[in-house]
file model.txt (compact mmCIF, C-alpha atoms)
# COMPACT_ATOMS: atom_id res chain seq x y z
CA MET A 54 -15.85 16.20 68.88
CA ASN A 55 -13.30 17.16 71.50
CA LYS A 56 -11.29 20.07 70.31
CA GLN A 57 -8.48 21.92 71.96
CA SER A 58 -9.78 25.07 73.64
CA MET A 59 -10.79 27.65 71.05
CA TRP A 60 -8.71 30.29 72.86
CA SER A 61 -5.45 28.43 72.37
CA TRP A 62 -2.50 30.65 71.45
CA HIS A 63 -0.62 27.62 70.17
CA PHE A 64 -0.97 28.03 66.45
CA SER A 65 -0.19 25.17 64.18
CA THR A 66 1.84 26.07 61.12
CA ALA A 67 -1.30 25.50 59.08
CA ALA A 68 -3.18 28.11 61.09
CA LEU A 69 -0.41 30.66 60.60
CA VAL A 70 -0.25 30.01 56.86
CA LEU A 71 -4.00 30.54 56.77
CA ILE A 72 -3.64 34.20 57.81
CA PRO A 73 -1.89 35.56 54.69
CA VAL A 74 -4.31 33.56 52.53
CA ALA A 75 -7.20 35.15 54.42
CA VAL A 76 -5.81 38.60 53.74
CA GLY A 77 -5.43 37.68 50.08
CA ILE A 78 -9.03 36.43 49.91
CA ASN A 79 -10.29 39.68 51.49
CA TYR A 80 -8.37 41.62 48.88
CA ILE A 81 -9.67 39.51 45.98
CA GLY A 82 -13.24 39.80 47.28
CA LYS A 83 -12.97 43.56 47.43
CA LEU A 84 -11.38 43.64 43.99
CA ILE A 85 -14.09 41.52 42.34
CA ALA A 86 -16.84 43.50 44.09
CA GLY A 87 -15.25 46.68 42.73
CA MET A 88 -14.83 45.21 39.26
CA LEU A 89 -18.46 44.10 39.08
CA LYS A 90 -19.47 47.50 40.53
CA LEU A 91 -21.43 45.91 43.37
CA PRO A 92 -22.65 48.43 45.97
CA LEU A 93 -21.12 46.47 48.87
CA TRP A 94 -17.54 45.97 50.08
CA LEU A 95 -17.45 42.15 50.47
CA ASP A 96 -13.93 42.56 51.83
CA SER A 97 -14.04 40.30 54.86
CA ILE A 98 -14.67 36.86 53.36
CA GLY A 99 -11.10 35.81 54.18
CA THR A 100 -11.36 36.93 57.81
CA VAL A 101 -14.62 35.00 58.22
CA LEU A 102 -13.18 31.86 56.60
CA ALA A 103 -10.03 32.07 58.73
CA ALA A 104 -12.18 32.34 61.85
CA MET A 105 -14.30 29.35 60.78
CA LEU A 106 -11.27 27.19 60.07
CA GLY A 107 -8.81 28.37 62.70
CA GLY A 108 -10.96 29.70 65.56
CA PRO A 109 -11.48 33.16 67.04
CA ILE A 110 -7.83 34.00 67.74
CA VAL A 111 -6.71 33.19 64.21
CA GLY A 112 -9.72 35.11 62.87
CA ALA A 113 -8.87 38.13 65.01
CA LEU A 114 -5.21 38.01 63.96
CA ALA A 115 -6.23 37.74 60.30
CA GLY A 116 -8.49 40.76 60.75
CA ALA A 117 -5.79 42.84 62.45
CA ILE A 118 -3.05 41.97 59.96
CA ASN A 119 -5.48 42.53 57.09
CA ASN A 120 -6.20 46.11 58.11
CA ILE A 121 -2.59 46.86 58.99
CA ILE A 122 -1.52 45.76 55.52
CA TYR A 123 -4.37 47.58 53.78
CA GLY A 124 -3.11 50.55 55.75
CA PHE A 125 -0.03 50.54 53.56
CA THR A 126 -2.14 51.61 50.60
CA ASP A 127 -4.93 53.41 52.41
CA PRO A 128 -4.03 54.69 55.91
CA ILE A 129 -7.69 55.03 56.90
CA SER A 130 -8.13 51.28 57.23
CA PHE A 131 -5.83 51.27 60.30
CA VAL A 132 -8.67 52.90 62.18
CA TYR A 133 -11.04 50.06 61.36
CA ALA A 134 -8.65 47.31 62.46
CA ILE A 135 -10.70 47.06 65.67
CA THR A 136 -13.84 46.21 63.67
CA SER A 137 -11.99 43.51 61.74
CA VAL A 138 -10.60 41.99 64.93
CA VAL A 139 -14.07 41.85 66.47
CA ILE A 140 -15.57 40.30 63.33
CA GLY A 141 -12.91 37.57 63.47
CA LEU A 142 -13.57 36.95 67.17
CA VAL A 143 -17.36 36.83 66.86
CA VAL A 144 -17.37 34.53 63.83
CA GLY A 145 -14.88 32.22 65.54
CA ILE A 146 -16.96 31.98 68.70
CA LEU A 147 -20.29 31.53 66.88
CA PHE A 148 -18.82 28.86 64.63
CA TYR A 149 -17.16 27.00 67.45
CA LYS A 150 -20.39 26.95 69.43
CA GLY A 151 -22.14 25.47 66.41
CA TYR A 152 -24.27 28.50 65.55
CA ILE A 153 -23.16 28.44 61.92
CA SER A 154 -23.98 24.90 60.93
CA SER A 155 -26.83 25.29 58.43
CA TRP A 156 -27.96 27.91 55.93
CA GLY A 157 -30.73 29.09 58.25
CA LYS A 158 -28.36 29.52 61.17
CA ALA A 159 -25.83 31.21 58.88
CA VAL A 160 -28.40 33.90 58.05
CA VAL A 161 -28.95 34.62 61.75
CA ALA A 162 -25.20 34.62 62.39
CA GLY A 163 -24.69 37.00 59.47
CA LEU A 164 -27.24 39.43 60.90
CA ILE A 165 -25.60 39.25 64.34
CA ILE A 166 -22.16 39.90 62.88
CA GLY A 167 -23.51 42.80 60.84
CA LEU A 168 -25.01 44.36 63.97
CA VAL A 169 -21.82 43.85 65.97
CA ALA A 170 -19.74 45.40 63.18
CA THR A 171 -22.11 48.38 63.08
CA VAL A 172 -21.91 48.92 66.83
CA ILE A 173 -18.09 48.87 66.72
CA SER A 174 -17.74 51.00 63.59
CA THR A 175 -20.17 53.78 64.53
CA PRO A 176 -18.00 55.36 67.27
CA LEU A 177 -15.02 55.09 64.91
CA ASN A 178 -16.99 56.87 62.17
CA ILE A 179 -18.04 59.58 64.58
CA GLY A 180 -14.54 60.06 65.95
CA PHE A 181 -12.85 60.05 62.57
CA TRP A 182 -15.26 61.32 59.95
CA GLY A 183 -17.85 63.05 62.13
CA GLY A 184 -20.24 60.17 61.47
CA GLN A 185 -20.06 59.31 57.77
CA THR A 186 -18.93 56.07 56.17
CA GLY A 187 -17.76 57.08 52.70
CA ASN A 188 -20.41 54.89 51.03
CA ILE A 189 -22.69 57.01 48.82
CA TRP A 190 -26.01 55.39 49.80
CA GLY A 191 -25.22 55.34 53.49
CA ASP A 192 -24.04 58.96 53.46
CA ALA A 193 -27.15 60.16 51.65
CA LEU A 194 -29.22 58.54 54.39
CA PHE A 195 -26.91 60.17 56.96
CA ALA A 196 -27.67 63.62 55.53
CA VAL A 197 -31.43 62.98 55.51
CA VAL A 198 -31.56 61.66 59.08
CA LEU A 199 -29.27 64.42 60.36
CA ALA A 200 -31.47 67.07 58.77
CA ASN A 201 -34.62 65.60 60.33
CA THR A 202 -33.64 64.34 63.77
CA GLU A 203 -30.70 66.48 64.97
CA SER A 204 -28.94 63.36 66.23
CA THR A 205 -25.48 62.58 64.87
CA TRP A 206 -25.41 59.21 66.64
CA LEU A 207 -28.71 58.01 65.19
CA ALA A 208 -27.77 59.24 61.71
CA SER A 209 -24.36 57.61 61.89
CA LEU A 210 -25.74 54.35 63.26
CA LEU A 211 -28.28 54.09 60.43
CA ASP A 212 -25.65 55.11 57.88
CA GLU A 213 -23.44 52.21 58.97
CA LEU A 214 -26.36 49.82 59.46
CA VAL A 215 -27.74 49.96 55.92
CA VAL A 216 -24.33 49.19 54.47
CA ASP A 217 -22.86 46.81 57.04
CA VAL A 218 -25.71 44.40 57.74
CA PRO A 219 -26.37 43.34 54.10
CA ASP A 220 -22.62 43.26 53.51
CA LYS A 221 -21.79 41.01 56.46
CA LEU A 222 -24.85 38.82 55.82
CA LEU A 223 -23.66 38.12 52.27
CA VAL A 224 -20.07 37.65 53.45
CA VAL A 225 -21.09 35.04 56.02
CA LEU A 226 -23.33 33.22 53.52
CA ILE A 227 -20.62 33.17 50.84
CA SER A 228 -18.01 32.00 53.35
CA TYR A 229 -20.31 29.28 54.65
CA GLY A 230 -20.91 28.10 51.08
CA ILE A 231 -17.18 27.99 50.40
CA PHE A 232 -16.53 26.26 53.71
CA LYS A 233 -19.00 23.53 52.80
CA GLY A 234 -17.28 23.12 49.46
CA LEU A 235 -13.84 22.58 50.98
CA PRO A 236 -12.40 19.10 50.74
CA GLN A 237 -12.36 17.21 54.05
CA ASN A 238 -8.58 16.90 54.19
CA VAL A 239 -8.25 20.70 54.29
CA VAL A 240 -10.85 21.11 57.04
CA GLN A 241 -9.21 18.30 58.97
CA LEU A 242 -5.91 20.16 58.86
CA TYR A 243 -7.34 22.79 61.18
CA ASN A 244 -9.25 20.53 63.54
CA ASN A 245 -6.95 20.77 66.52
CA ASN A 246 -8.05 17.55 68.14
CA ASP A 247 -4.59 16.04 67.81
CA LYS A 248 -6.04 12.58 67.48
CA VAL A 249 -3.80 10.36 65.41
CA GLU A 250 -5.45 7.31 63.96
CA THR A 251 -3.25 4.44 63.00
CA LEU A 252 -3.99 1.50 60.82
CA ASP A 253 -2.14 -1.21 62.69
CA MET B 67 13.94 60.03 55.16
CA HIS B 68 14.60 56.67 53.54
CA ASN B 69 17.56 56.14 55.89
CA ILE B 70 15.67 56.66 59.09
CA ASP B 71 14.87 53.83 61.43
CA PRO B 72 11.34 52.48 60.73
CA ILE B 73 10.81 52.39 64.49
CA SER B 74 11.36 56.16 64.71
CA LYS B 75 8.72 56.62 62.02
CA LEU B 76 6.30 54.49 64.05
CA TYR B 77 6.94 56.77 67.02
CA TYR B 78 6.37 59.76 64.79
CA ILE B 79 2.84 58.52 63.93
CA LEU B 80 2.08 58.20 67.63
CA PHE B 81 3.57 61.66 68.19
CA ALA B 82 1.52 63.27 65.41
CA ILE B 83 -1.69 61.77 66.81
CA ILE B 84 -0.99 62.56 70.48
CA ILE B 85 0.14 66.20 70.21
CA PRO B 86 -3.19 67.55 68.83
CA ILE B 87 -4.99 65.57 71.55
CA ILE B 88 -2.85 67.17 74.28
CA LEU B 89 -3.09 70.65 72.77
CA PRO B 90 -6.43 70.85 70.96
CA SER B 91 -6.19 74.01 68.88
CA PHE B 92 -6.30 74.70 65.17
CA ILE B 93 -2.78 76.15 65.13
CA VAL B 94 -1.20 73.04 66.67
CA SER B 95 -3.02 70.75 64.22
CA VAL B 96 -1.97 72.92 61.29
CA ILE B 97 1.65 72.82 62.50
CA CYS B 98 1.52 69.01 62.72
CA VAL B 99 0.07 68.67 59.21
CA ALA B 100 2.63 71.15 57.86
CA LEU B 101 5.47 69.22 59.52
CA SER B 102 4.34 65.93 57.96
CA VAL B 103 3.92 67.53 54.54
CA LEU B 104 7.37 69.14 54.79
CA LEU B 105 8.90 65.77 55.68
CA LEU B 106 7.03 64.15 52.78
CA LEU B 107 8.46 66.85 50.50
CA ALA B 108 11.96 66.31 51.89
CA ALA B 109 11.60 62.58 51.25
CA LYS B 110 10.61 63.35 47.63
CA VAL B 111 7.51 61.14 47.83
CA ILE B 112 4.88 63.87 47.67
CA ARG B 113 3.85 62.77 44.17
CA LYS B 114 2.89 59.32 45.45
CA THR B 115 0.67 60.85 48.12
CA LEU B 116 -1.63 62.49 45.58
CA PRO B 117 -3.96 59.51 44.89
CA VAL B 118 -4.46 58.95 48.62
CA TYR B 119 -5.01 62.64 49.36
CA SER B 120 -7.45 63.00 46.47
CA PHE B 121 -9.53 60.08 47.74
CA VAL B 122 -9.50 61.44 51.27
CA PHE B 123 -10.43 64.94 50.16
CA LEU B 124 -13.33 63.63 48.11
CA VAL B 125 -14.85 62.16 51.26
CA LEU B 126 -13.92 65.25 53.28
CA ILE B 127 -15.79 67.51 50.85
CA THR B 128 -18.99 65.56 51.53
CA VAL B 129 -18.23 65.90 55.27
CA ILE B 130 -17.92 69.69 54.91
CA VAL B 131 -21.15 69.98 52.93
CA ILE B 132 -23.23 67.71 55.16
CA GLN B 133 -21.94 69.14 58.46
CA GLY B 134 -22.22 72.72 57.19
CA LEU B 135 -25.83 72.20 56.15
CA PHE B 136 -27.25 69.88 58.79
CA ARG B 137 -25.10 69.72 61.93
CA PRO B 138 -27.28 69.92 65.06
CA GLY B 139 -26.52 73.21 66.84
CA ASN B 140 -26.04 75.11 63.59
CA GLU B 141 -27.17 78.71 64.20
CA THR B 142 -25.07 81.33 62.48
CA ILE B 143 -25.87 81.39 58.79
CA LEU B 144 -22.87 82.24 56.62
CA PHE B 145 -24.28 81.98 53.10
CA HIS B 146 -26.93 80.17 51.08
CA LEU B 147 -26.35 77.21 48.81
CA GLY B 148 -29.49 76.94 46.68
CA PRO B 149 -32.40 76.32 49.05
CA PHE B 150 -30.08 75.38 51.97
CA ALA B 151 -28.05 77.52 54.36
CA MET B 152 -24.39 76.96 55.25
CA HIS B 153 -23.68 77.39 58.97
CA LYS B 154 -20.59 78.59 60.80
CA GLU B 155 -20.71 75.97 63.59
CA GLY B 156 -20.96 73.04 61.20
CA LEU B 157 -18.13 74.38 59.05
CA LEU B 158 -15.86 74.83 62.07
CA PHE B 159 -16.62 71.27 63.17
CA ALA B 160 -15.90 70.03 59.64
CA LEU B 161 -12.60 71.91 59.76
CA THR B 162 -11.52 70.00 62.89
CA ILE B 163 -12.34 66.76 61.12
CA VAL B 164 -10.46 67.77 57.98
CA LEU B 165 -7.38 68.65 60.05
CA ARG B 166 -7.57 65.48 62.12
CA VAL B 167 -7.92 63.19 59.10
CA THR B 168 -5.21 64.94 57.05
CA ASN B 169 -2.87 64.84 60.03
CA ILE B 170 -3.25 61.10 60.67
CA VAL B 171 -3.15 60.21 56.97
CA SER B 172 0.00 62.31 56.39
CA ALA B 173 1.85 60.80 59.34
CA PHE B 174 1.04 57.28 58.18
CA MET B 175 2.08 58.02 54.62
CA LEU B 176 5.46 59.17 55.87
CA LEU B 177 6.03 55.65 57.20
CA VAL B 178 4.36 53.79 54.36
CA LEU B 179 5.96 55.59 51.43
CA THR B 180 9.51 55.68 52.73
CA THR B 181 9.81 52.18 54.21
CA LYS B 182 9.86 48.78 52.61
CA PRO B 183 7.39 46.53 54.48
CA SER B 184 10.07 43.85 54.83
CA ASP B 185 12.45 46.36 56.49
CA LEU B 186 9.77 47.37 58.95
CA VAL B 187 8.98 43.76 59.79
CA GLU B 188 12.67 42.97 60.21
CA SER B 189 13.24 45.81 62.65
CA LEU B 190 10.16 44.78 64.61
CA VAL B 191 11.35 41.18 64.78
CA ARG B 192 14.77 42.38 66.00
CA ARG B 193 12.93 44.21 68.76
CA GLY B 194 11.22 41.08 69.92
CA MET B 195 8.19 40.54 67.70
CA SER B 196 7.58 36.86 67.02
CA PRO B 197 9.39 35.81 63.80
CA ARG B 198 6.37 33.64 62.99
CA ILE B 199 4.10 36.68 62.88
CA GLY B 200 6.84 38.44 60.89
CA TYR B 201 6.71 35.65 58.34
CA VAL B 202 2.93 35.93 58.13
CA ILE B 203 3.09 39.65 57.34
CA VAL B 204 5.85 39.37 54.76
CA SER B 205 4.21 36.43 53.03
CA VAL B 206 1.02 38.44 52.44
CA PHE B 207 3.00 40.52 49.97
CA GLN B 208 3.96 37.30 48.18
CA ILE B 209 0.55 35.71 48.17
CA ILE B 210 -1.49 38.64 46.86
CA PRO B 211 0.22 38.86 43.44
CA GLU B 212 0.01 35.07 43.18
CA MET B 213 -3.75 35.14 43.83
CA MET B 214 -4.21 38.04 41.44
CA SER B 215 -2.72 36.09 38.57
CA THR B 216 -4.86 33.04 39.42
CA MET B 217 -7.86 35.32 39.43
CA SER B 218 -7.20 36.75 35.99
CA THR B 219 -6.81 33.21 34.62
CA ILE B 220 -10.15 32.23 36.15
CA MET B 221 -11.79 35.38 34.89
CA ASP B 222 -10.71 34.59 31.32
CA ALA B 223 -11.83 30.98 31.72
CA GLN B 224 -15.28 31.95 33.02
CA ARG B 225 -15.76 34.59 30.35
CA SER B 226 -14.88 32.12 27.62
CA ARG B 227 -17.64 29.91 29.02
CA GLY B 228 -20.04 32.76 28.47
CA MET B 229 -20.30 34.29 31.94
CA GLU B 230 -21.57 37.86 31.90
CA THR B 231 -19.76 40.37 34.07
CA GLU B 232 -21.62 43.47 32.98
CA GLY B 233 -25.24 44.52 32.91
CA LYS B 234 -27.90 44.58 35.60
CA LEU B 235 -27.08 44.33 39.29
CA LEU B 236 -28.50 40.81 39.51
CA VAL B 237 -26.33 39.64 36.61
CA ARG B 238 -23.26 41.13 38.23
CA MET B 239 -24.13 39.62 41.63
CA LYS B 240 -24.43 36.19 40.03
CA ALA B 241 -20.96 36.54 38.56
CA PHE B 242 -19.38 37.07 41.99
CA ILE B 243 -19.40 33.47 43.20
CA PRO B 244 -18.02 31.75 40.08
CA LEU B 245 -15.18 34.28 40.05
CA LEU B 246 -14.32 34.12 43.73
CA ALA B 247 -14.87 30.50 44.69
CA PRO B 248 -12.19 28.85 42.52
CA VAL B 249 -9.48 31.28 43.72
CA VAL B 250 -10.47 30.81 47.35
CA LEU B 251 -10.77 27.04 47.22
CA GLY B 252 -7.50 26.73 45.34
CA SER B 253 -5.57 28.92 47.74
CA LEU B 254 -6.99 27.21 50.82
CA ILE B 255 -6.03 23.83 49.43
CA ASN B 256 -2.54 25.19 48.76
CA THR B 257 -2.11 26.12 52.43
CA LYS B 258 -1.63 22.46 53.20
CA GLU B 259 1.42 22.18 51.00
CA ARG B 260 2.78 25.49 52.21
CA ALA B 261 2.43 24.40 55.81
CA MET B 262 4.24 21.13 55.13
CA ALA B 263 7.00 22.90 53.23
CA LEU B 264 7.55 25.26 56.17
CA GLU B 265 7.57 22.53 58.79
CA VAL B 266 10.09 20.51 56.83
CA ARG B 267 12.37 23.58 56.92
CA GLY B 268 12.20 23.94 60.69
CA PHE B 269 9.61 26.71 60.95
CA ASN B 270 8.53 25.45 64.37
CA SER B 271 12.06 24.98 65.68
CA ARG B 272 12.58 26.64 69.05
CA ASN B 273 16.18 27.66 68.39
CA PRO B 274 16.79 31.38 68.03
CA LYS B 275 16.37 32.51 64.44
CA THR B 276 19.17 34.11 62.46
CA TYR B 277 18.78 36.89 59.91
CA LEU B 278 19.50 36.84 56.22
CA ASN B 279 20.52 40.50 56.13
CA GLU B 280 22.94 42.30 58.39
CA GLU B 281 21.38 44.78 60.74
CA LYS B 282 21.18 48.17 59.08
CA THR B 283 22.51 51.09 61.02
CA TYR B 284 20.29 54.11 60.93
CA SER B 285 21.50 57.61 61.60
CA TYR B 286 20.11 59.83 64.36
CA SER B 287 17.50 57.30 65.62
CA LYS B 288 18.15 58.15 69.24
CA TRP B 289 18.15 61.94 68.69
CA ILE B 290 14.86 61.88 66.80
CA GLN B 291 13.16 59.79 69.43
CA VAL B 292 14.49 61.91 72.30
CA ALA B 293 13.42 65.11 70.54
CA MET B 294 9.88 63.82 70.04
CA LEU B 295 9.69 62.73 73.68
CA LEU B 296 10.85 66.18 74.84
CA VAL B 297 8.27 67.96 72.68
CA THR B 298 5.55 65.69 74.06
CA ILE B 299 6.60 66.40 77.67
CA PHE B 300 6.71 70.10 76.85
CA ALA B 301 3.20 69.91 75.38
CA VAL B 302 1.86 68.16 78.49
CA ALA B 303 3.52 70.78 80.71
CA TRP B 304 2.04 73.56 78.55
CA ARG B 305 -1.41 72.04 78.89
CA VAL B 306 -1.10 71.56 82.64
CA PHE B 307 0.48 74.86 83.66
CA LEU B 308 -0.80 77.41 81.16
call {"tool": "encode", "arguments": {"input": "model.txt", "output": "structure tokens"}}
result
Amino acid sequence: MNKQSMWSWHFSTAALVLIPVAVGINYIGKLIAGMLKLPLWLDSIGTVLAAMLGGPIVGALAGAINNIIYGFTDPISFVYAITSVVIGLVVGILFYKGYISSWGKAVVAGLIIGLVATVISTPLNIGFWGGQTGNIWGDALFAVVLANTESTWLASLLDELVVDVPDKLLVVLISYGIFKGLPQNVVQLYNNNDKVETLD
Amino acid sequence: MHNIDPISKLYYILFAIIIPIILPSFIVSVICVALSVLLLLAAKVIRKTLPVYSFVFLVLITVIVIQGLFRPGNETILFHLGPFAMHKEGLLFALTIVLRVTNIVSAFMLLVLTTKPSDLVESLVRRGMSPRIGYVIVSVFQIIPEMMSTMSTIMDAQRSRGMETEGKLLVRMKAFIPLLAPVVLGSLINTKERAMALEVRGFNSRNPKTYLNEEKTYSYSKWIQVAMLLVTIFAVAWRVFL
């Protein structure tokens, strides 16, 4: 299938409308996860779906706007806008290259995205919180590793890793499942191949 | 505070973050935090800051405890906490973090609590931000309540079919998909209609856009911005020459 370049800055109206919906989906995901008292955030399903449907630029924009708007209730999330942008970019690129096209591949992609998110978030955690993440399980591990190894970076990396990798893995799997369940006419809306078929 | 240009408040955030970087000392950070808190008091929004501060302080307390106990380079023992020892170096490091986080959070809250998001977006669009991106940001505030009400409908529907939302972790994990998927699918399908509705109304038209509201005039914008610039230059000079 010949698509327009995935780096196109020419958004269709549909792609732009996708962004607020993505932010809404992130919010709902986080809300349900909180309501069911799940130990993960699950707050980037919308960003991942936007990147799958609209490409890396739309995914990155959705991530940035998501964290800027969360920032209105919780200023800390501004700091993590960079992580969200990178998640959007990476998912968009992987999906466009066809690396998320079956459940097996989605697992690998989820692990990759979790690792990337960890690598981006760790310096932010160190700069802002001195290395912690604010998640109870991760921070307990942080304390143990810090007490035993004297390395803030290692402790912080592991702290983020144990929370982020399972979280992003689940997010990618859930998003892939939803993507597969979407009706064709919605997916088609975002396929920028501009090919008009006529019946005459 | 409510009558100050949102753009000036954006500059203030930048200002509050940059000054402690230029002049890294406890006193400067404390002055910055105090300034933000005073402005929050003057704006009469200090009550609304309490939930945010209490969340932030909860995390900061764990930072203080963990850094005080385990920070590499801890030498001077201050006092004992059960079987563990609190150290001076770790506590000082934790203090820098506490000041940094409180400073950034306070400066942001000054913007967030005294500005309507739509006003902020409008002033940014007047300064050259793409109106399309402006629409995207404003419409988030419309879509979230809409999705919330869909979600509560779906929650009731699923519960009446006997779905369990409490109990073991596995049970709760299983409930996630049937709650989320219908909202997500529904709202993605709706994007098609929304996109068509916008295009019919000339969303993609290349003509310059007009505004629904008249431009608000804000008092003292220029003075505030000039004052902050002067203080920043002064801080740089202080750092370089003294």
call {"tool": "closest_residue", "arguments": {"input": "model.txt", "among": "B:Met294, B:Val249, B:Leu308, B:Leu190", "to": "chain A", "atoms": "all atoms listed in the file"}}
result
B:Val249
call {"tool": "interface_residues", "arguments": {"input": "model.txt", "of": "chain A", "to": "chain B", "cutoff": "6 Å", "atoms": "all atoms listed in the file", "output": "PDB file with C-alpha atoms, keeping the file's coordinate frame"}}
result
ATOM      1  CA  THR A  66       1.840  26.070  61.120  1.00  0.00           C
ATOM      2  CA  ALA A  67      -1.300  25.500  59.080  1.00  0.00           C
ATOM      3  CA  PRO A  73      -1.890  35.560  54.690  1.00  0.00           C
ATOM      4  CA  GLY A  77      -5.430  37.680  50.080  1.00  0.00           C
ATOM      5  CA  LEU A  89     -18.460  44.100  39.080  1.00  0.00           C
ATOM      6  CA  PHE A 125      -0.030  50.540  53.560  1.00  0.00           C
ATOM      7  CA  PRO A 128      -4.030  54.690  55.910  1.00  0.00           C
ATOM      8  CA  ALA A 200     -31.470  67.070  58.770  1.00  0.00           C
ATOM      9  CA  GLU A 203     -30.700  66.480  64.970  1.00  0.00           C
TER      10      GLU A 203
END
call {"tool": "atom_distance", "arguments": {"input": "model.txt", "atom1": "CA of Val191 (chain B)", "atom2": "CA of Met59 (chain A)"}}
result
26.7 Å
call {"tool": "residues_near_point", "arguments": {"input": "model.txt", "point": "(-25.8, 55.7, 65.1)", "cutoff": "9 Å", "atoms": "only C-alpha atoms", "output": "JSON, numbers by chain"}}
result
{"A": [171, 172, 175, 176, 179, 184, 204, 205, 206, 207, 208, 209, 210, 211, 212, 213, 214]}
call {"tool": "closest_residue", "arguments": {"input": "model.txt", "among": "A:Ser97, A:Ser155, A:Met88, A:Leu106", "to": "Ala68 (chain A)", "atoms": "all atoms listed in the file"}}
result
A:Leu106
call {"tool": "atom_distance", "arguments": {"input": "model.txt", "atom1": "CA of Ile118 (chain A)", "atom2": "CA of Val74 (chain A)"}}
result
11.3 Å
call {"tool": "closest_residue", "arguments": {"input": "model.txt", "among": "A:Leu226, A:Ile129, A:Leu71, A:Leu91", "to": "Thr168 (chain B)", "atoms": "all atoms listed in the file"}}
result
A:Ile129
call {"tool": "atom_distance", "arguments": {"input": "model.txt", "atom1": "CA of Ala108 (chain B)", "atom2": "CA of Val187 (chain B)"}}
result
24.1 Å
call {"tool": "residues_around", "arguments": {"input": "model.txt", "residues": "region 136-149 of chain A", "least_positions_apart": "2", "cutoff": "6 Å", "atoms": "all atoms listed in the file", "output": "number ranges by chain"}}
result
A: 100, 104-105, 108-109, 112-113, 116-117, 133-134, 151-153, 170, 173
call {"tool": "residues_around", "arguments": {"input": "model.txt", "residues": "region 223-225 of chain A", "least_positions_apart": "4", "cutoff": "7 Å", "atoms": "all atoms listed in the file", "output": "PyMOL selection string"}}
result
chain A and resi 95+97-98+101+159+163+219+229
call {"tool": "closest_residue", "arguments": {"input": "model.txt", "among": "B:Ile84, B:Leu144, B:Val94, B:Leu176", "to": "Leu107 (chain B)", "atoms": "only C-alpha atoms"}}
result
B:Leu176
call {"tool": "residues_around", "arguments": {"input": "model.txt", "residues": "Trp304 (chain B)", "least_positions_apart": "3", "cutoff": "12 Å", "atoms": "all atoms listed in the file", "output": "short mmCIF file (atom, residue, chain, number, x, y, z; two decimals) with C-alpha atoms, in the frame of the given file"}}
result
data_model
loop_
_atom_site.label_atom_id
_atom_site.label_comp_id
_atom_site.auth_asym_id
_atom_site.auth_seq_id
_atom_site.Cartn_x
_atom_site.Cartn_y
_atom_site.Cartn_z
CA ILE B 85 0.14 66.20 70.21
CA ILE B 88 -2.85 67.17 74.28
CA LEU B 89 -3.09 70.65 72.77
CA PRO B 90 -6.43 70.85 70.96
CA VAL B 297 8.27 67.96 72.68
CA THR B 298 5.55 65.69 74.06
CA ILE B 299 6.60 66.40 77.67
CA PHE B 300 6.71 70.10 76.85
CA ALA B 301 3.20 69.91 75.38
CA PHE B 307 0.48 74.86 83.66
CA LEU B 308 -0.80 77.41 81.16
#
